[in-house]
Amino acid sequence: AGNATTSSASNVVAALPTGSMFPPQGDGGLPDIFGGGGNNAGGDNNSNRGSDAAAPRLSDEEVMIAFLPFMRSGNAAATRLHSEYGSDHRAFITKAREFLESSPSLTDEADDDHNTPSPDTKTAADDDTDSRENTNNKASRGGSGDVQKTSRQEIASGGGSAGNATTSSASNAVAALPTGSMFPPPGDGGLPDVLSGLSLAGDSSTVPVTAFANGTSSQQQQQETGRVNALGPAFASPPPQSMQPSSSGMFRPAPPGISGPQKGETIAATDTSEVSSVFRPSAPGLPPSSTPSQQVPPSTPSAEGLSDKSGAGAEHETTAATPAAAKEQQQQSKEPLLAATPAKPVWQPRRTHTRLETQAGIVSCNGVQNSPDEPNRHLVIRPRTELMATWSLPLSYLRERTIRRLEEEGSPPELANSLTIRDALSTLTVGLFRRGCAENGENNSIVSKEIVPDNESDNSGHGGPKDGYAFQVRHDLQPPSVVGTVPFYTPRTPGNVVLRLYFENEPVVTLATGPVVRVEIADAAGLESTLRFVLSNFKAKAGTVNFTSLHNFAMLLEQFRPDGDEGGSAGSRAHGGGGRGRGRERGRMGRDEYDGAGRAAFGCLAESRRVVDCAYEEYTKKKAKLAKEENEINELLLDLDASCEETNESEEETKKREKHADDLNSVKRDIASNEKKWREMQNTFYSVLKAANQNPASNRILRREVMSQVKLEIELYCPFCECFAPSPFSTNGTWGISNFPRSITVQHFEQVRESKANMQQEMLGFVPRLCSVSSVLHGTHHSAPKDPKTVLDQVSTSMIQLYDTKYRVTSDVARMREHCRKDLEAVVGGCPDVFPPGTRVVVFGSCANGFGSPSSDLDMCLQLPPNTTLADDKDVNGSSAMAKLAEKLKAVGLEDVDTARLTARIPVLMFNYPIVTSNGEKILLDCDLSMQNPLACLNTSLLLSYASISPQTRVLVSIIKRWAKMRDINSPQYHTLSSYGYIVMLLHFLTHHAASIDGKVVPYYEGDARRGGRYLTNQPLLPNLQRMQQQWPQSPRGTAYSEMPEKPRNQYCLMPHPTESTFVVNAYFYRVSDQAQKENLKQRFAPIQTGFDPSVAVLLAEFFHYYAYDFDFKKNVVSLNSSFSAGGLTEKEAKAESDCWSLYRQILAIEDPFETFYDVAHVLKPGTFQRVKREFVMAYSKLIDAMTGGHDASWWDKDGIDAMSGNDIVDWLCEPV
């Protein structure tokens, strides 16, 4: 077969037309001689190793000897390879072997350095190198060996003859299309119809030789054509006419088995009505008829896209080329690579089609399939455990994608005769990613595997990975689809991972996402193995700032939960000696079981401290250097000023001044960057200490004296200053965590707290109060000059009085606003040539949601009758109609009509409505009128329901809005939160907390919902109207409050998004539609039902405490859609996976209740978030000092704190900046 293929290669290449989308295989690249060569540390897994007996192979020692001269000579690629893979011996040997193959001699380095393939760059999962079955996607195509054989046996058992079909090399799947193929014969005058049919011969022996150019066989043709890698930028999914919801259900059950086609079986053309139903709308922000890289319809492709390399897929296309091909291309081109200045890049989405309902395919993991109805479905699997990915992709999608790419390439119709399903599947990839990874592609995955490899050879003798992975066409599915399996292994380090299906040459489009796979460690053996792996990474990168190993160690300490762990008591017995008799024996057994893990954990902790010491040394050196440069530049500027005092500044001196100013700004930026890096290192080390301290299972692996030092180190850290305080045990009084005393006493903790308090007072201006409200109220904290409960009662009275006098909307104000609304509706009704009859004017926003004030602007929108449109069909967003209405408003006497915002996404008119009071005074009411804004009205209805159920929320919102305004943290244009953001934060707090019987405000749910937490009370302070069971309000009093795991999804609650045509809004919430329902819920959530009446002052203090100390901004999202019955708080990882939210913004994130893809807090910057968080801490500390009398709060510069009245405390809390 090899000779036959070689002899016919020239004929096949000659037969390819000019500009063919399938270039010849002979690209001069390195052969795949290692058969996958995955990085399997320890050599205990052969699931991804191919074999090639004929290929020469150096021993490991020979590879190291040959590689060493490149390291000594300073070769850039060799240095990068060593720093990237030096921590894993097997991975390093594999990559070094590949490096040597591409760099035959050191003398050629100068000429061929740019052709040397550099190691693949990976994400934060770099230290999982031993879990990567395939470090380089081009070098490994999955399981040969035991795993591949097992998977094929499973496929065969599920589908009859699948085993024969998959083990007979590419003969079945590679067969080219005979008569009646998906493309008509050449000479047709253009590309064929998309849905003309697609068929596949069952065996290449049945295909006439005349079906191929120059008499080449189907297998030869497939081997020569290779993968599709020259199609330009990435494109989106099919045209909108094919993207209709499926009538047979959005998701199908996972196929029970994959059967191979019988000999001679063909894939018949599928009816259009059947295949078009699988396509779903594209992701928000991407029109269905556009492409991710170019906003042009697929039916009218842009020729410029073929040469555009600025899109999201350009990087992957560049890396797909081999070094030899790149060198040849550069030699043939006489023009420079950058012939012209590139245009400013247009923003490109990193990933589209991220939501399940927008994806064309399906990926299941170990038989578990993801579903939009259960987005929190997950699997819990141990490290280094096999995962079997089953993927499915409709034939209609493959057909239309192949046709589209042929059109974009401009390939002649003759080429269509040689295409097969394997051609359509070219570059289709299943990748294993850390959950929330921003991009698809092999450079971002833990491991990725192509279904159809591009380097094909006759490998049927041993069933190696070069044959690709098993896939079959299933006509029994609706719609008919191609289904296949790919084996994986879970990473060694814990965390959440997902499987994704995508095309490597179109990585921006996500075809399918699998369920969340949570990798957990629950036994001593697995813990010790993983800890030693992390420890080896620490030692391999000794003397460097190793963030990755710190993150992995922190994740491991946080996640580890032994099977049957009872809050760490077993661990305490293990290290404390147990008890008498059997308890003592259990202690010895536990100590022996975790001894190895304990030694590895202690080593990791010691290495972590060394990493921080190294980072501090680097930070201080750079800080001194930059300070010296700054002083030198300042001296030059002073000298320049002195020389210019006597004479006018010359042009040369002006240029010098400008240069010095630029240099000074550059140095200041470097100083800020240096400080930021040092803060990040301290935050990362704190996460290690915090995980060790908060996990009760840490007592199993870290002894008591080690845990004491960990607690002492934690006391030095301030999360609000984002740094450790100077160590009182350091010789120079600065950083010195390694100099802590071995024997820790109470006096040491007092010294540490004093050092931290001094730093906080210097950096923050005050010392944050850490005691809880309940400890002060119940006297467990310390005595106060007067009763703390009396103080809070006075504050509550003042808050209610302030609301009644300044923020309560009177009936006169309400009538005035209603009069304005009716007048405006009459004006709209007088424009029948612009607006359809029955158009209403609806009030939304703060004037209608119950959280406004008499001074709030009146926000209104036009609401067209159902099934009607504007008179002008071309007026898509209504801007022309609003412009005509503006003229009418001026004519009827409205003042200051402003049309500046008519060009916005939703056109808005701004004007003043004049009102004359009874005493003749003229008042101008600020008004905004927009076109249809159904989501704003929906949001208003939700907030009004909350305000109706609990009048306390109105008082709380008014005080919080006043506090935020006076403290200057409620201006989105200056990167702080809006009032709406604070309202959502308050509602989230009230729906996730409860009043306990013993008089405390406590979390409604305790523990991890995924590991078996518990409800602390019968019901929360406020119901979650988007999750509350519909039958619960009608249940007998005393029935425990319950929530739905998922919101209903039916025609009554789903509505299209008004501006994002591809996003469907779930508008469900429990509507309080009449007075009886309102009174029922008010009584059910009245304080008397809980046995404890938390005043508004107590709730305000607990609200500040929750967001200052308790809420994990780095991990969780503030959301009203989260429910403990559905997995607990919404995690940032989940939002990063489904909506592409950033995982690296370690700041507050707020999910909109209905536009769930929208982050209300996206305006925040890291600096402004720290200021907002500081204000939360300051407000809480002020309330605590007011309750305790402030006897030791000299930093407030406030006299008589113990004598403050309730009004004084509220004024102090809302003190202007």
# chains A, B, ... in the order shown; residues from 1 in each chain; ligands from 1

$ residues_around --residues "Ser392 in chain A" --least-positions-apart "3" --cutoff "8 Å" --atoms "only C-alpha atoms" --output "ChimeraX atom specification"
/A:361-363,481-484

$ write_last_selection --atoms "C-alpha atoms" --output "PDB file, in the first residue's frame"
ATOM      1  CA  GLY A 361     -23.822  19.193  18.065  1.00  0.00           C
ATOM      2  CA  ILE A 362     -23.757  17.133  21.242  1.00  0.00           C
ATOM      3  CA  VAL A 363     -20.953  15.867  23.461  1.00  0.00           C
ATOM      4  CA  SER A 481     -25.913  12.566  12.293  1.00  0.00           C
ATOM      5  CA  VAL A 482     -22.319  11.472  12.417  1.00  0.00           C
ATOM      6  CA  VAL A 483     -21.526   9.965  15.819  1.00  0.00           C
ATOM      7  CA  GLY A 484     -18.169   8.985  17.273  1.00  0.00           C
TER       8      GLY A 484
END

$ closest_residue --among "A:Ser855, A:Ala1108, A:Asp1202, A:Thr402" --to "Phe1176 in chain A" --atoms "only C-alpha atoms"
A:Ala1108

$ select_by_dssp --residues "range 424-527 of chain A" --states "strand (DSSP E or B)" --output "JSON, numbers by chain"
{"A": [428, 429, 430, 431, 432, 433, 434, 447, 448, 449, 450, 471, 472, 473, 474, 481, 482, 483, 484, 485, 486, 487, 488, 489, 495, 496, 497, 498, 499, 500, 501, 502, 503, 506, 509, 512, 513, 516, 517, 518, 519]}

$ residues_around --residues "range 740-753 of chain A" --least-positions-apart "4" --cutoff "9 Å" --atoms "only C-alpha atoms" --output "PyMOL selection string"
chain A and resi 705-706+708-709+711-713+715-716+725-730+736+757-758

$ write_last_selection --atoms "N, CA and C atoms" --output "PDB file, in the first residue's frame"
ATOM      1  N   GLU A 705       1.370  21.730  64.901  1.00  0.00           N
ATOM      2  CA  GLU A 705       2.309  22.859  64.934  1.00  0.00           C
ATOM      3  C   GLU A 705       2.392  23.554  63.571  1.00  0.00           C
ATOM      4  N   VAL A 706       2.241  22.769  62.483  1.00  0.00           N
ATOM      5  CA  VAL A 706       2.230  23.360  61.146  1.00  0.00           C
ATOM      6  C   VAL A 706       0.981  24.206  60.959  1.00  0.00           C
ATOM      7  N   SER A 708      -0.671  25.700  63.259  1.00  0.00           N
ATOM      8  CA  SER A 708      -0.543  26.903  64.093  1.00  0.00           C
ATOM      9  C   SER A 708       0.216  27.987  63.346  1.00  0.00           C
ATOM     10  N   GLN A 709       1.279  27.610  62.652  1.00  0.00           N
ATOM     11  CA  GLN A 709       2.022  28.606  61.879  1.00  0.00           C
ATOM     12  C   GLN A 709       1.182  29.133  60.725  1.00  0.00           C
ATOM     13  N   LYS A 711      -2.066  29.495  60.725  1.00  0.00           N
ATOM     14  CA  LYS A 711      -3.000  30.464  61.308  1.00  0.00           C
ATOM     15  C   LYS A 711      -2.294  31.774  61.630  1.00  0.00           C
ATOM     16  N   LEU A 712      -1.071  31.702  62.079  1.00  0.00           N
ATOM     17  CA  LEU A 712      -0.333  32.918  62.392  1.00  0.00           C
ATOM     18  C   LEU A 712      -0.021  33.713  61.130  1.00  0.00           C
ATOM     19  N   GLU A 713       0.313  33.023  60.067  1.00  0.00           N
ATOM     20  CA  GLU A 713       0.570  33.706  58.799  1.00  0.00           C
ATOM     21  C   GLU A 713      -0.699  34.362  58.253  1.00  0.00           C
ATOM     22  N   GLU A 715      -3.083  35.611  59.977  1.00  0.00           N
ATOM     23  CA  GLU A 715      -3.360  36.817  60.769  1.00  0.00           C
ATOM     24  C   GLU A 715      -2.609  38.033  60.238  1.00  0.00           C
ATOM     25  N   LEU A 716      -1.514  37.799  59.519  1.00  0.00           N
ATOM     26  CA  LEU A 716      -0.739  38.922  58.984  1.00  0.00           C
ATOM     27  C   LEU A 716      -1.357  39.526  57.730  1.00  0.00           C
ATOM     28  N   ALA A 725       1.095  42.208  56.331  1.00  0.00           N
ATOM     29  CA  ALA A 725       1.717  43.241  57.150  1.00  0.00           C
ATOM     30  C   ALA A 725       3.176  42.889  57.395  1.00  0.00           C
ATOM     31  N   PRO A 726       4.028  43.882  57.717  1.00  0.00           N
ATOM     32  CA  PRO A 726       5.421  43.573  58.051  1.00  0.00           C
ATOM     33  C   PRO A 726       5.496  42.573  59.199  1.00  0.00           C
ATOM     34  N   SER A 727       6.336  41.581  59.034  1.00  0.00           N
ATOM     35  CA  SER A 727       6.434  40.532  60.045  1.00  0.00           C
ATOM     36  C   SER A 727       7.146  41.062  61.291  1.00  0.00           C
ATOM     37  N   PRO A 728       6.541  40.894  62.453  1.00  0.00           N
ATOM     38  CA  PRO A 728       7.234  41.316  63.689  1.00  0.00           C
ATOM     39  C   PRO A 728       8.415  40.426  64.049  1.00  0.00           C
ATOM     40  N   PHE A 729       8.554  39.295  63.339  1.00  0.00           N
ATOM     41  CA  PHE A 729       9.636  38.357  63.628  1.00  0.00           C
ATOM     42  C   PHE A 729      10.780  38.478  62.633  1.00  0.00           C
ATOM     43  N   SER A 730      10.631  39.355  61.641  1.00  0.00           N
ATOM     44  CA  SER A 730      11.678  39.533  60.640  1.00  0.00           C
ATOM     45  C   SER A 730      12.763  40.448  61.191  1.00  0.00           C
ATOM     46  N   GLY A 736       9.146  38.459  55.958  1.00  0.00           N
ATOM     47  CA  GLY A 736      10.024  37.442  56.507  1.00  0.00           C
ATOM     48  C   GLY A 736       9.232  36.290  57.048  1.00  0.00           C
ATOM     49  N   ALA A 757      -2.738  45.832  62.364  1.00  0.00           N
ATOM     50  CA  ALA A 757      -3.547  47.017  62.670  1.00  0.00           C
ATOM     51  C   ALA A 757      -2.801  48.293  62.305  1.00  0.00           C
ATOM     52  N   ASN A 758      -1.514  48.334  62.560  1.00  0.00           N
ATOM     53  CA  ASN A 758      -0.723  49.518  62.187  1.00  0.00           C
ATOM     54  C   ASN A 758      -0.717  49.723  60.672  1.00  0.00           C
TER      55      ASN A 758
END

$ closest_residue --among "A:Met1187, A:Leu81, A:Leu864, A:Ile906" --to "Cys771 in chain A" --atoms "only C-alpha atoms"
A:Met1187

$ atom_distance --atom1 "CA of Leu637 in chain A" --atom2 "CA of Ser666 in chain A"
15.0 Å

$ residues_around --residues "range 433-440 of chain A" --least-positions-apart "6" --cutoff "8 Å" --atoms "only C-alpha atoms" --output "NGL selection string"
:A and (125 or 350-351 or 446-447 or 495-500 or 502 or 507-508 or 510 or 516 or 1133-1138 or 1140 or 1142-1143)

$ atom_distance --atom1 "CA of Lys668 in chain A" --atom2 "CA of Glu632 in chain A"
13.0 Å

$ atom_distance --atom1 "CA of Pro914 in chain A" --atom2 "CA of Asp859 in chain A"
15.7 Å

$ select_by_dssp --residues "range 1004-1126 of chain A" --states "helix (DSSP H, G or I)" --output "NGL selection string"
:A and (1032-1034 or 1075-1084 or 1087-1089 or 1096-1110 or 1124-1126)

$ residues_around --residues "Glu1151 in chain A" --least-positions-apart "5" --cutoff "8 Å" --atoms "only C-alpha atoms" --output "VMD selection string"
chain A and resid 1117 to 1120 1156 to 1160

$ closest_residue --among "A:Ser536, A:Asn674, A:Ser445, A:Ser755" --to "Thr429 in chain A" --atoms "only C-alpha atoms"
A:Ser445

$ closest_residue --among "A:Gln1031, A:Ser774, A:Asn933, A:Thr1039" --to "Val1002 in chain A" --atoms "only C-alpha atoms"
A:Ser774

$ closest_residue --among "A:Leu938, A:Leu894, A:Met799, A:Ile403" --to "Phe844 in chain A" --atoms "only C-alpha atoms"
A:Leu938

$ residues_around --residues "Glu450 in chain A" --least-positions-apart "6" --cutoff "7 Å" --atoms "only C-alpha atoms" --output "JSON, numbers by chain"
{"A": [141, 427, 428, 429, 430]}
